[in-house]
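Data from start06.cif: mmCIF, C-alpha atoms
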```cif
data_model
loop_
_atom_site.label_atom_id
_atom_site.label_comp_id
_atom_site.auth_asym_id
_atom_site.auth_seq_id
_atom_site.Cartn_x
_atom_site.Cartn_y
_atom_site.Cartn_z
CA MET W 21 -22.02 4.45 25.99
CA LYS W 22 -21.55 5.95 22.55
CA ARG W 23 -18.89 3.96 20.72
CA ILE W 24 -16.76 4.59 17.64
CA LEU W 25 -15.42 1.24 16.54
CA ILE W 26 -12.36 1.20 14.28
CA LEU W 27 -11.61 -2.06 12.49
CA GLY W 28 -7.88 -2.21 11.84
CA GLY W 29 -4.97 -0.89 13.89
CA GLY W 30 -2.68 -0.14 10.96
CA THR W 31 -1.81 3.28 9.58
CA GLY W 32 -5.33 4.55 8.93
CA GLY W 33 -6.93 3.12 12.06
CA THR W 34 -4.20 4.44 14.33
CA ILE W 35 -4.15 7.98 12.90
CA VAL W 36 -7.95 8.27 12.97
CA ALA W 37 -8.21 6.91 16.52
CA ASN W 38 -5.60 9.31 17.88
CA ARG W 39 -7.11 12.33 16.12
CA LEU W 40 -10.64 11.46 17.27
CA ARG W 41 -9.54 10.99 20.87
CA ARG W 42 -8.27 14.58 20.97
CA GLU W 43 -11.59 15.89 19.62
CA LEU W 44 -14.17 13.91 21.60
CA ASP W 45 -15.01 14.00 25.28
CA GLY W 46 -15.24 11.08 27.70
CA GLU W 47 -18.80 10.25 26.72
CA TRP W 48 -17.36 8.63 23.62
CA ASN W 49 -15.63 5.28 23.75
CA ILE W 50 -13.09 4.78 20.95
CA THR W 51 -12.21 1.12 20.39
CA VAL W 52 -9.69 -0.24 17.88
CA ILE W 53 -9.86 -3.90 16.83
CA ASP W 54 -6.96 -5.78 15.26
CA ARG W 55 -6.01 -9.42 15.01
CA SER W 56 -2.29 -9.15 15.81
CA PRO W 57 -0.07 -7.22 18.26
CA GLY W 58 2.59 -6.10 15.76
CA HIS W 59 2.38 -2.86 13.76
CA HIS W 60 4.40 -3.29 10.56
CA TYR W 61 6.07 -0.45 8.70
CA GLN W 62 5.19 -1.94 5.34
CA PRO W 63 7.44 0.27 3.15
CA GLY W 64 10.32 -1.43 4.96
CA TYR W 65 9.52 -4.76 3.29
CA LEU W 66 11.08 -3.39 0.08
CA PHE W 67 14.53 -3.12 1.63
CA ILE W 68 14.66 -6.47 3.46
CA PRO W 69 15.67 -8.53 0.38
CA PHE W 70 18.66 -6.23 -0.11
CA SER W 71 19.81 -6.50 3.53
CA SER W 72 19.32 -2.77 4.05
CA SER W 73 16.54 -3.19 6.59
CA SER W 74 16.13 -5.62 9.47
CA PRO W 75 12.88 -7.65 9.58
CA GLU W 76 12.70 -7.00 13.32
CA LYS W 77 13.23 -3.24 12.97
CA ILE W 78 10.05 -2.64 10.99
CA VAL W 79 7.69 -4.21 13.56
CA LYS W 80 6.69 -2.44 16.77
CA ASP W 81 4.11 -3.01 19.49
CA ARG W 82 0.76 -1.88 18.09
CA ALA W 83 -0.80 -0.90 21.41
CA SER W 84 2.01 1.56 22.20
CA PHE W 85 0.90 3.93 19.44
CA PHE W 86 -2.60 4.56 20.77
CA SER W 87 -3.23 7.63 22.92
CA ALA W 88 -4.56 7.29 26.46
CA GLY W 89 -8.30 6.78 26.43
CA ILE W 90 -8.35 4.50 23.39
CA ASP W 91 -9.33 0.87 23.96
CA TYR W 92 -7.35 -1.65 21.96
CA VAL W 93 -8.84 -5.14 21.55
CA GLU W 94 -6.95 -7.99 19.92
CA LYS W 95 -9.58 -10.12 18.24
CA VAL W 96 -10.39 -11.65 14.86
CA VAL W 97 -13.49 -10.23 13.19
CA SER W 98 -15.75 -12.83 11.63
CA ARG W 99 -18.38 -10.58 9.99
CA LEU W 100 -20.30 -7.33 10.25
CA GLU W 101 -24.01 -6.84 10.68
CA CYS W 102 -24.29 -3.22 9.60
CA ALA W 103 -28.07 -3.31 9.69
CA ASN W 104 -27.79 -4.03 13.44
CA ASN W 105 -24.66 -1.89 14.12
CA LYS W 106 -22.84 -4.97 15.28
CA VAL W 107 -19.49 -6.74 14.83
CA ILE W 108 -19.29 -10.51 15.29
CA PHE W 109 -15.94 -11.97 16.33
CA GLU W 110 -14.47 -15.35 15.49
CA ASP W 111 -14.91 -16.51 19.10
CA GLY W 112 -18.64 -15.76 18.94
CA GLU W 113 -18.58 -12.57 20.98
CA GLU W 114 -20.28 -9.45 19.67
CA MET W 115 -19.72 -5.70 19.97
CA GLU W 116 -22.14 -2.93 19.10
CA TYR W 117 -21.14 0.46 17.73
CA THR W 118 -22.64 3.87 17.12
CA TRP W 119 -20.21 4.72 14.33
CA LEU W 120 -17.87 2.43 12.42
CA VAL W 121 -14.59 3.16 10.63
CA VAL W 122 -13.28 0.36 8.40
CA ALA W 123 -9.48 0.55 8.19
CA SER W 124 -8.70 -3.11 7.64
CA GLY W 125 -6.37 -2.81 4.63
CA THR W 126 -5.91 -5.55 2.05
CA ARG W 127 -4.69 -9.13 2.04
CA ILE W 128 -2.48 -10.73 -0.58
CA ARG W 129 -3.96 -13.82 -2.20
CA PRO W 130 -1.29 -16.05 -3.80
CA ASP W 131 -3.79 -18.88 -3.36
CA LEU W 132 -5.97 -17.41 -6.14
CA THR W 133 -3.39 -17.96 -8.90
CA PRO W 134 -2.92 -21.62 -9.90
CA GLY W 135 0.61 -22.80 -9.32
CA MET W 136 1.62 -19.87 -7.15
CA LYS W 137 1.25 -20.67 -3.47
CA ASP W 138 0.16 -24.26 -4.13
CA GLY W 139 3.21 -24.92 -6.32
CA GLU W 140 6.40 -26.61 -5.18
CA LEU W 141 8.45 -23.51 -6.09
CA TRP W 142 6.72 -21.24 -3.56
CA GLY W 143 9.34 -20.12 -1.07
CA LYS W 144 12.12 -21.71 -3.16
CA ASP W 145 12.17 -19.88 -6.49
CA VAL W 146 8.84 -18.00 -6.27
CA PHE W 147 8.50 -15.28 -3.65
CA ASP W 148 6.53 -12.23 -2.65
CA PHE W 149 8.02 -9.24 -0.84
CA TYR W 150 4.69 -7.86 0.40
CA THR W 151 5.02 -9.80 3.66
CA LYS W 152 7.85 -9.84 6.19
CA GLU W 153 8.19 -13.60 5.79
CA GLY W 154 8.30 -13.44 2.01
CA ALA W 155 10.81 -10.60 1.92
CA THR W 156 13.07 -12.38 4.43
CA ALA W 157 13.05 -15.64 2.46
CA LEU W 158 13.70 -13.74 -0.77
CA ARG W 159 16.80 -12.14 0.74
CA GLU W 160 18.45 -15.53 1.07
CA ARG W 161 17.51 -16.58 -2.47
CA LEU W 162 18.75 -13.35 -4.06
CA SER W 163 22.08 -13.60 -2.27
CA ALA W 164 22.55 -17.04 -3.87
CA LEU W 165 21.60 -15.90 -7.39
CA GLU W 166 24.66 -15.91 -9.68
CA GLU W 167 23.14 -16.12 -13.16
CA GLY W 168 19.90 -16.75 -15.01
CA LYS W 169 16.58 -14.93 -15.29
CA LEU W 170 15.09 -12.71 -12.60
CA VAL W 171 11.44 -11.86 -13.27
CA VAL W 172 9.47 -9.28 -11.28
CA HIS W 173 5.78 -9.84 -11.87
CA VAL W 174 2.50 -8.10 -11.02
CA THR W 175 -0.46 -10.47 -11.19
CA ASP W 176 -3.21 -7.86 -11.44
CA MET W 177 -4.39 -4.52 -10.08
CA PRO W 178 -5.20 -3.09 -7.60
CA ILE W 179 -2.23 -3.69 -5.31
CA LYS W 180 -0.74 -1.94 -2.32
CA CYS W 181 1.82 0.67 -3.34
CA PRO W 182 1.64 0.24 -7.13
CA VAL W 183 5.18 1.58 -7.61
CA ALA W 184 6.78 -0.97 -5.25
CA PRO W 185 7.30 -3.63 -7.97
CA LEU W 186 9.12 -1.05 -10.09
CA GLU W 187 11.22 -0.04 -7.10
CA PHE W 188 12.12 -3.66 -6.43
CA THR W 189 13.11 -4.17 -10.07
CA LEU W 190 15.42 -1.15 -10.06
CA LEU W 191 16.96 -2.03 -6.71
CA ALA W 192 17.52 -5.63 -7.82
CA GLU W 193 19.24 -4.42 -10.99
CA ASP W 194 21.46 -2.16 -8.91
CA MET W 195 22.30 -4.99 -6.51
CA LEU W 196 23.35 -7.23 -9.42
CA ARG W 197 25.50 -4.42 -10.79
CA LYS W 198 27.23 -3.95 -7.45
CA ARG W 199 27.89 -7.68 -7.25
CA ARG W 200 29.40 -7.51 -10.77
CA ILE W 201 27.06 -10.19 -12.12
CA ARG W 202 24.56 -7.95 -13.92
CA HIS W 203 25.76 -9.27 -17.31
CA LYS W 204 24.90 -12.80 -16.17
CA VAL W 205 21.31 -12.09 -15.10
CA ASP W 206 18.43 -11.01 -17.36
CA VAL W 207 15.93 -8.80 -15.51
CA THR W 208 12.33 -8.64 -16.75
CA TYR W 209 9.42 -6.58 -15.44
CA VAL W 210 5.99 -8.09 -16.16
CA THR W 211 2.83 -6.01 -15.75
CA PRO W 212 -0.88 -6.35 -16.57
CA LEU W 213 -0.86 -2.67 -17.60
CA ASP W 214 -0.05 -1.38 -21.07
CA ALA W 215 2.97 0.52 -19.69
CA PRO W 216 5.15 0.54 -16.56
CA PHE W 217 2.83 3.10 -14.94
CA THR W 218 -0.79 4.08 -15.46
CA LYS W 219 -0.25 7.77 -16.35
CA PRO W 220 1.47 8.93 -19.57
CA ILE W 221 4.11 11.35 -18.27
CA ALA W 222 5.23 9.13 -15.40
CA SER W 223 5.16 6.10 -17.68
CA ARG W 224 7.37 7.91 -20.19
CA GLU W 225 9.98 8.74 -17.55
CA LEU W 226 9.92 5.29 -16.00
CA SER W 227 10.04 3.50 -19.36
CA SER W 228 13.15 5.50 -20.22
CA LEU W 229 14.76 4.52 -16.94
CA LEU W 230 14.01 0.82 -17.43
CA GLU W 231 15.40 0.96 -20.96
CA GLU W 232 18.52 2.73 -19.72
CA ARG W 233 19.09 -0.11 -17.22
CA SER W 234 18.52 -2.79 -19.91
CA ILE W 235 15.47 -4.15 -18.11
CA PHE W 236 13.03 -6.01 -20.35
CA VAL W 237 9.36 -5.03 -20.01
CA GLU W 238 6.42 -7.31 -20.79
CA THR W 239 3.10 -5.42 -20.82
CA ASP W 240 -0.60 -6.40 -21.04
CA PHE W 241 0.23 -9.68 -19.35
CA ALA W 242 -2.91 -11.31 -17.91
CA THR W 243 -1.59 -14.06 -15.67
CA GLU W 244 -3.26 -17.44 -15.90
CA SER W 245 -0.90 -19.59 -13.83
CA ILE W 246 2.63 -20.39 -12.71
CA ASP W 247 4.06 -23.45 -14.46
CA ASN W 248 6.24 -24.96 -11.73
CA GLU W 249 7.58 -27.81 -13.86
CA ASN W 250 8.94 -25.50 -16.56
CA HIS W 251 9.69 -22.45 -14.38
CA GLU W 252 7.38 -20.18 -16.43
CA VAL W 253 4.72 -17.53 -15.86
CA VAL W 254 1.81 -18.22 -18.20
CA SER W 255 -0.66 -15.67 -19.58
CA TYR W 256 -4.16 -16.27 -20.90
CA ASP W 257 -3.02 -15.35 -24.41
CA GLY W 258 -0.44 -18.14 -24.36
CA ARG W 259 2.69 -16.12 -23.65
CA ARG W 260 5.21 -17.81 -21.38
CA ILE W 261 7.99 -16.05 -19.51
CA PRO W 262 10.77 -18.29 -18.13
CA PHE W 263 12.40 -17.54 -14.79
CA ASP W 264 15.01 -18.82 -12.40
CA VAL W 265 13.72 -16.54 -9.64
CA LEU W 266 10.20 -15.09 -9.76
CA VAL W 267 9.38 -12.15 -7.51
CA THR W 268 5.63 -11.84 -7.73
CA VAL W 269 3.02 -9.45 -6.42
CA PRO W 270 -0.03 -11.66 -5.86
CA LEU W 271 -3.66 -10.68 -6.30
CA HIS W 272 -5.04 -8.39 -3.59
CA THR W 273 -8.52 -8.42 -2.09
CA GLY W 274 -10.20 -6.96 0.96
CA GLN W 275 -10.34 -8.86 4.23
CA ALA W 276 -12.25 -12.10 4.73
CA PHE W 277 -14.77 -10.54 7.11
CA ILE W 278 -15.72 -8.01 4.42
CA GLU W 279 -16.36 -10.92 2.06
CA ASP W 280 -18.70 -12.45 4.62
CA SER W 281 -20.58 -9.22 5.43
CA ASP W 282 -23.15 -6.88 3.90
CA ILE W 283 -20.72 -4.07 3.18
CA GLY W 284 -18.19 -4.98 0.44
CA ASP W 285 -17.96 -5.11 -3.35
CA GLU W 286 -16.94 -8.09 -5.49
CA MET W 287 -13.27 -7.60 -4.50
CA HIS W 288 -14.28 -7.27 -0.83
CA PHE W 289 -13.42 -3.57 -0.64
CA VAL W 290 -15.79 -1.12 1.03
CA PRO W 291 -17.56 1.26 -1.40
CA VAL W 292 -17.27 4.85 -0.15
CA ASP W 293 -17.91 8.27 -1.59
CA LYS W 294 -14.50 9.19 -3.01
CA TYR W 295 -14.72 12.74 -1.64
CA THR W 296 -16.28 12.30 1.83
CA LEU W 297 -15.05 8.74 2.58
CA ARG W 298 -18.52 7.87 3.90
CA SER W 299 -20.02 4.52 3.00
CA THR W 300 -22.30 4.70 0.00
CA GLU W 301 -24.72 2.33 1.73
CA TRP W 302 -24.47 2.85 5.50
CA ASP W 303 -24.64 6.40 6.85
CA ASN W 304 -22.84 5.57 10.11
CA VAL W 305 -19.88 3.90 8.39
CA PHE W 306 -16.71 5.50 7.05
CA GLY W 307 -13.75 3.84 5.33
CA ILE W 308 -10.12 4.74 4.92
CA GLY W 309 -7.11 3.55 2.97
CA ASP W 310 -6.62 0.21 1.29
CA ALA W 311 -9.88 -1.22 2.66
CA THR W 312 -11.92 1.05 0.40
CA ASN W 313 -12.67 1.17 -3.31
CA LEU W 314 -11.21 4.66 -3.78
CA PRO W 315 -10.12 5.25 -7.41
CA THR W 316 -6.56 6.13 -6.46
CA SER W 317 -3.40 4.34 -5.32
CA LYS W 318 -3.57 1.95 -2.41
CA ALA W 319 -0.63 3.77 -0.87
CA GLY W 320 0.24 5.01 2.58
CA ALA W 321 0.19 8.65 1.48
CA VAL W 322 -3.48 8.32 0.56
CA VAL W 323 -4.16 7.31 4.15
CA HIS W 324 -2.12 10.20 5.55
CA PHE W 325 -3.84 12.81 3.38
CA SER W 326 -7.37 11.40 3.79
CA ALA W 327 -7.31 10.78 7.56
CA PRO W 328 -8.16 14.41 8.46
CA VAL W 329 -11.07 14.24 6.03
CA VAL W 330 -12.44 11.11 7.71
CA VAL W 331 -12.09 12.66 11.16
CA GLU W 332 -13.67 16.03 10.31
CA ASN W 333 -16.51 14.45 8.37
CA LEU W 334 -17.20 11.89 11.09
CA LEU W 335 -17.33 14.64 13.72
CA ALA W 336 -19.74 16.60 11.51
CA ALA W 337 -21.91 13.53 10.97
CA ILE W 338 -22.07 12.96 14.72
CA ASP W 339 -23.35 16.53 15.14
CA GLY W 340 -25.81 16.13 12.27
CA ARG W 341 -23.99 18.73 10.15
CA GLU W 342 -23.23 18.66 6.44
CA LEU W 343 -19.92 16.96 5.79
CA PRO W 344 -17.41 19.80 5.40
CA GLU W 345 -14.32 18.14 3.94
CA LYS W 346 -13.56 16.65 0.53
CA PHE W 347 -10.64 14.38 -0.27
CA ASP W 348 -9.05 15.16 -3.64
CA GLY W 349 -7.32 11.79 -4.06
CA HIS W 350 -3.93 13.25 -3.14
CA ALA W 351 -1.09 10.75 -3.21
CA ASN W 352 2.65 11.05 -3.37
CA CYS W 353 5.36 8.45 -3.25
CA PHE W 354 9.06 7.98 -3.66
CA ILE W 355 10.32 5.51 -6.23
CA GLU W 356 13.70 4.03 -5.32
CA SER W 357 15.76 3.86 -8.51
CA GLY W 358 19.05 2.45 -7.22
CA ARG W 359 22.42 4.21 -7.28
CA GLY W 360 21.40 5.94 -4.04
CA GLU W 361 18.69 7.92 -5.84
CA ALA W 362 14.91 8.06 -6.00
CA LEU W 363 12.11 9.74 -7.93
CA LEU W 364 9.05 11.43 -6.46
CA LEU W 365 5.45 11.40 -7.69
CA ASP W 366 2.70 13.80 -6.55
CA PHE W 367 -0.82 13.54 -7.99
CA ASN W 368 -4.54 13.30 -7.23
CA TYR W 369 -7.83 12.18 -8.80
CA ASP W 370 -7.68 14.74 -11.59
CA GLN W 371 -4.00 15.53 -12.01
CA GLU W 372 -1.47 12.97 -13.22
CA PRO W 373 2.13 13.08 -11.94
CA LEU W 374 4.11 15.91 -13.53
CA THR W 375 7.76 16.91 -13.64
CA GLY W 376 8.98 19.83 -11.53
CA HIS W 377 9.95 20.37 -7.91
CA PHE W 378 8.37 19.67 -4.52
CA PRO W 379 7.01 21.10 -2.33
CA THR W 380 7.91 24.51 -3.86
CA PRO W 381 9.35 25.62 -7.22
CA ALA W 382 12.71 25.82 -5.44
CA GLY W 383 12.56 22.18 -4.33
CA PRO W 384 14.39 20.66 -2.63
CA MET W 385 12.89 17.47 -4.08
CA THR W 386 12.61 16.67 -7.78
CA LEU W 387 9.36 15.40 -9.27
CA LEU W 388 9.85 12.53 -11.71
CA GLY W 389 13.58 13.11 -11.60
CA ARG W 390 16.24 11.04 -9.89
CA SER W 391 18.05 12.65 -6.98
CA LYS W 392 19.88 11.70 -3.81
CA ILE W 393 17.69 14.08 -1.79
CA ASN W 394 14.63 12.08 -2.84
CA HIS W 395 16.36 8.90 -1.66
CA MET W 396 17.20 10.53 1.67
CA GLY W 397 13.58 11.60 1.97
CA LYS W 398 12.44 8.02 1.47
CA LEU W 399 14.75 6.79 4.21
CA ALA W 400 13.86 9.63 6.60
CA PHE W 401 10.16 8.96 6.22
CA GLU W 402 10.33 5.92 8.49
CA GLN W 403 11.00 8.05 11.56
CA ILE W 404 8.36 10.58 10.48
CA TYR W 405 5.92 7.69 10.22
CA TRP W 406 6.49 6.43 13.77
CA ARG W 407 6.88 9.83 15.46
CA VAL W 408 4.55 12.19 13.57
CA LEU W 409 1.99 10.39 11.42
CA LEU W 410 0.83 7.58 13.69
CA PRO W 411 0.28 9.90 16.68
CA GLY W 412 -1.96 11.95 14.37
CA HIS W 413 0.14 15.13 14.23
CA ASP W 414 -0.16 17.51 11.30
CA MET W 415 2.48 17.37 8.58
CA PRO W 416 3.96 20.56 7.05
CA ILE W 417 2.76 19.35 3.63
CA PRO W 418 -0.87 20.27 2.78
CA ASP W 419 -3.36 17.41 2.63
CA LYS W 420 -4.70 18.69 -0.69
CA MET W 421 -2.42 18.55 -3.72
CA SER W 422 -0.87 21.80 -4.89
CA MET W 423 0.22 22.68 -8.43
CA TRP W 424 3.02 24.81 -6.99
CA GLY W 425 6.33 23.74 -8.52
CA LYS W 426 4.80 21.44 -11.14
CA LYS W 427 5.46 21.86 -14.85
CA GLU W 428 2.32 21.45 -16.92
CA GLU W 429 2.78 19.94 -20.36
CA ASN W 430 0.73 20.88 -23.44
#
```
Can you turn what I pasted into structure tokens?
Amino acid sequence: MKRILILGGGTGGTIVANRLRRELDGEWNITVIDRSPGHHYQPGYLFIPFSSSSPEKIVKDRASFFSAGIDYVEKVVSRLECANNKVIFEDGEEMEYTWLVVASGTRIRPDLTPGMKDGELWGKDVFDFYTKEGATALRERLSALEEGKLVVHVTDMPIKCPVAPLEFTLLAEDMLRKRRIRHKVDVTYVTPLDAPFTKPIASRELSSLLEERSIFVETDFATESIDNENHEVVSYDGRRIPFDVLVTVPLHTGQAFIEDSDIGDEMHFVPVDKYTLRSTEWDNVFGIGDATNLPTSKAGAVVHFSAPVVVENLLAAIDGRELPEKFDGHANCFIESGRGEALLLDFNYDQEPLTGHFPTPAGPMTLLGRSKINHMGKLAFEQIYWRVLLPGHDMPIPDKMSMWGKKEEN
């Protein structure tokens, strides 16, 4: 039996499996491996602390999203033996493959920052919102906040959805305004970058927005530890930022089985060719999404736009043909800005986010501009995710980025 083994039943693994099943005949077994039965709509974590999303609503049965003819196996992977085309599971069982797709995402590592997860404030005054449990606990703490210092903190890059900490900051500021206690709470955004965003035009627009909302920004902050006794975030250069509530985005790495295998880099991400998504070391291995070392955002849109590339190139590789598709690094994302509005970014490897309109010069969505339509688009995307993207259907938006509607600056 010829087998395509997909490690990870999240966004990338599910889309790729469903698309492959439609293209391949019964001689091919398609097997998806994941460690847990629940498929999480991760963008929904952002809204849980503000009581605008239910923790239960964003989790659905993983197996229900796979097409007929796809085998789903719930197991924990221990390591890969790529030289032998083999996966070793935690229970000692093994599975061989003909082709492998690594779609295992990232894991947050609060244990790697001294004083974070091992400190007495974890879950009391120090929280993440990148897990359902963390976001749920944070909701209770935010509802009890009446005054003091709220700090939103990014430990280091790369992280899933790099704009999510900014979104959280803006939504938190809006929540405090609505509760009429904004004047009692200082809000600070702490980043390891030299600006709120990595690209100049987007950073300019976002910096202006943060300034307008009287949100303090601390840049170039290389986190050393969390001082639990003094309620402070400490940087290697000696700076200390006090907090009453710290909302932190911990370090991210690849999965443990990548660390223990012959396939990952020093951060346990899988090195792939950034255009073809094929492993740079193993010809019968492809990667997708957050599990890879792609030089673009670890965002869901990257998975959506790159999945057809993985599928078409894998099918070509099976036939011994030259890989026909190239991924251009296309990513787009909404940035919730509070007040019932959101911004939209659209960019790729070579083109930074620009102002303008999307997907055409007539809109209806505004690029790098706040609008209620953008906010509605963000909310509507959840149903598109479950009903269109996961089944592997085509979206009306091209996979490759278009300059149509964008305003180029000199």
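CA of Gly320 in chain W to CA of Ile278 in chain W spans 20.7 Å [interatomic distance, one decimal].
Residues matched by the PyMOL selection byres ((chain W and resi 240) around 6) in this file: Pro212, Leu213, Asp214, Thr239 and Phe241 of chain W.
Counting from CA of Asn38 in chain W, the distance to CA of Ala103 in chain W is 27.0 Å.
Residues in contact with Gly389 in chain W at 8 Å, where all atoms listed in the file are counted and same-chain residues fewer than 3 positions away are skipped, are listed as Ala362, Leu363, Leu364, Thr375 and Thr386 of chain W.
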List, as a PyMOL selection string, every residue that the PyMOL selection byres ((chain W and resi 414-421) around 10) selects in the file provided.
chain W and resi 39+321-322+324-329+346-352+366-369+371+378-379+404+408-409+411-413+422-424
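The smallest atom-to-atom distance between Ile283 in chain W and any of W:Ala157, W:Gly309, W:Lys426, W:Leu120, using all atoms listed in the file, is found for W:Leu120.
Nearest residue to Thr151 in chain W, choosing from W:Leu388, W:Leu66, W:Ala276, W:Ile246 and counting only C-alpha atoms: W:Leu66.
Taking CA of Thr156 in chain W and CA of Arg359 in chain W as endpoints, the distance between them is 22.4 Å.
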Gly425 in chain W environment, 9 Å, only C-alpha atoms, sequence neighbours closer than 6 positions dropped, as a ChimeraX atom specification
/W:375-383,387
Excluding Asp264 in chain W and residues on its chain fewer than 3 positions from it, collect all residues at most 8 Å away from it, counting only C-alpha atoms, and give them as an NGL selection string.
:W and (145 or 168-171 or 251)
Running the PyMOL selection byres ((chain W and resi 289-293) around 10) on this model by hand, what would come out? Give it as a count of residues only.
37
Centre and size of axis-aligned box enclosing range 270-289 of chain W plus 5 Å each side, as JSON:
```
{"center_x": -11.6, "center_y": -8.0, "center_z": 0.4, "size_x": 33.1, "size_y": 18.9, "size_z": 23.4}
```
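Comparing the minimum interatomic distances between Glu429 in chain W and each of W:Gly258, W:Gly46, W:Pro220, W:Gly33, counting all atoms listed in the file, we find that W:Pro220 sits nearest.
Closest to Glu94 in chain W among W:Ala164, W:Ile68, W:Leu27, W:Ala37 is W:Leu27, based on all atoms listed in the file.
Closest approach to Lys95 in chain W among W:Ile235, W:Ala222, W:Leu186, W:Met115 is made by W:Met115 (distances from all atoms listed in the file).
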Take range 381-395 of chain W, bring it up to N, CA and C atoms, and give me the output as a PDB file, in the coordinates of the input.
```
ATOM      1  N   PRO W 381       8.560  25.560  -5.982  1.00  0.00           N
ATOM      2  CA  PRO W 381       9.350  25.620  -7.220  1.00  0.00           C
ATOM      3  C   PRO W 381      10.848  25.579  -6.996  1.00  0.00           C
ATOM      4  N   ALA W 382      11.281  25.863  -5.765  1.00  0.00           N
ATOM      5  CA  ALA W 382      12.710  25.820  -5.440  1.00  0.00           C
ATOM      6  C   ALA W 382      13.131  24.459  -4.889  1.00  0.00           C
ATOM      7  N   GLY W 383      12.201  23.514  -4.818  1.00  0.00           N
ATOM      8  CA  GLY W 383      12.560  22.180  -4.330  1.00  0.00           C
ATOM      9  C   GLY W 383      12.310  22.037  -2.836  1.00  0.00           C
ATOM     10  N   PRO W 384      13.121  21.231  -2.166  1.00  0.00           N
ATOM     11  CA  PRO W 384      14.390  20.660  -2.630  1.00  0.00           C
ATOM     12  C   PRO W 384      14.265  19.339  -3.394  1.00  0.00           C
ATOM     13  N   MET W 385      13.049  18.778  -3.461  1.00  0.00           N
ATOM     14  CA  MET W 385      12.890  17.470  -4.080  1.00  0.00           C
ATOM     15  C   MET W 385      12.460  17.610  -5.537  1.00  0.00           C
ATOM     16  N   THR W 386      12.891  16.647  -6.349  1.00  0.00           N
ATOM     17  CA  THR W 386      12.610  16.670  -7.780  1.00  0.00           C
ATOM     18  C   THR W 386      11.453  15.735  -8.094  1.00  0.00           C
ATOM     19  N   LEU W 387      10.476  16.231  -8.839  1.00  0.00           N
ATOM     20  CA  LEU W 387       9.360  15.400  -9.270  1.00  0.00           C
ATOM     21  C   LEU W 387       9.724  14.674 -10.563  1.00  0.00           C
ATOM     22  N   LEU W 388       9.551  13.368 -10.556  1.00  0.00           N
ATOM     23  CA  LEU W 388       9.850  12.530 -11.710  1.00  0.00           C
ATOM     24  C   LEU W 388      11.289  12.698 -12.206  1.00  0.00           C
ATOM     25  N   GLY W 389      12.159  13.016 -11.285  1.00  0.00           N
ATOM     26  CA  GLY W 389      13.580  13.110 -11.600  1.00  0.00           C
ATOM     27  C   GLY W 389      14.375  12.448 -10.504  1.00  0.00           C
ATOM     28  N   ARG W 390      15.425  11.751 -10.873  1.00  0.00           N
ATOM     29  CA  ARG W 390      16.240  11.040  -9.890  1.00  0.00           C
ATOM     30  C   ARG W 390      17.117  12.006  -9.098  1.00  0.00           C
ATOM     31  N   SER W 391      17.154  11.827  -7.798  1.00  0.00           N
ATOM     32  CA  SER W 391      18.050  12.650  -6.980  1.00  0.00           C
ATOM     33  C   SER W 391      18.350  11.927  -5.671  1.00  0.00           C
ATOM     34  N   LYS W 392      19.484  12.273  -5.090  1.00  0.00           N
ATOM     35  CA  LYS W 392      19.880  11.700  -3.810  1.00  0.00           C
ATOM     36  C   LYS W 392      19.024  12.249  -2.674  1.00  0.00           C
ATOM     37  N   ILE W 393      18.555  13.501  -2.819  1.00  0.00           N
ATOM     38  CA  ILE W 393      17.690  14.080  -1.790  1.00  0.00           C
ATOM     39  C   ILE W 393      16.373  13.301  -1.705  1.00  0.00           C
ATOM     40  N   ASN W 394      15.836  12.901  -2.852  1.00  0.00           N
ATOM     41  CA  ASN W 394      14.630  12.080  -2.840  1.00  0.00           C
ATOM     42  C   ASN W 394      14.870  10.771  -2.094  1.00  0.00           C
ATOM     43  N   HIS W 395      16.013  10.162  -2.342  1.00  0.00           N
ATOM     44  CA  HIS W 395      16.360   8.900  -1.660  1.00  0.00           C
ATOM     45  C   HIS W 395      16.463   9.130  -0.156  1.00  0.00           C
TER      46      HIS W 395
END
```
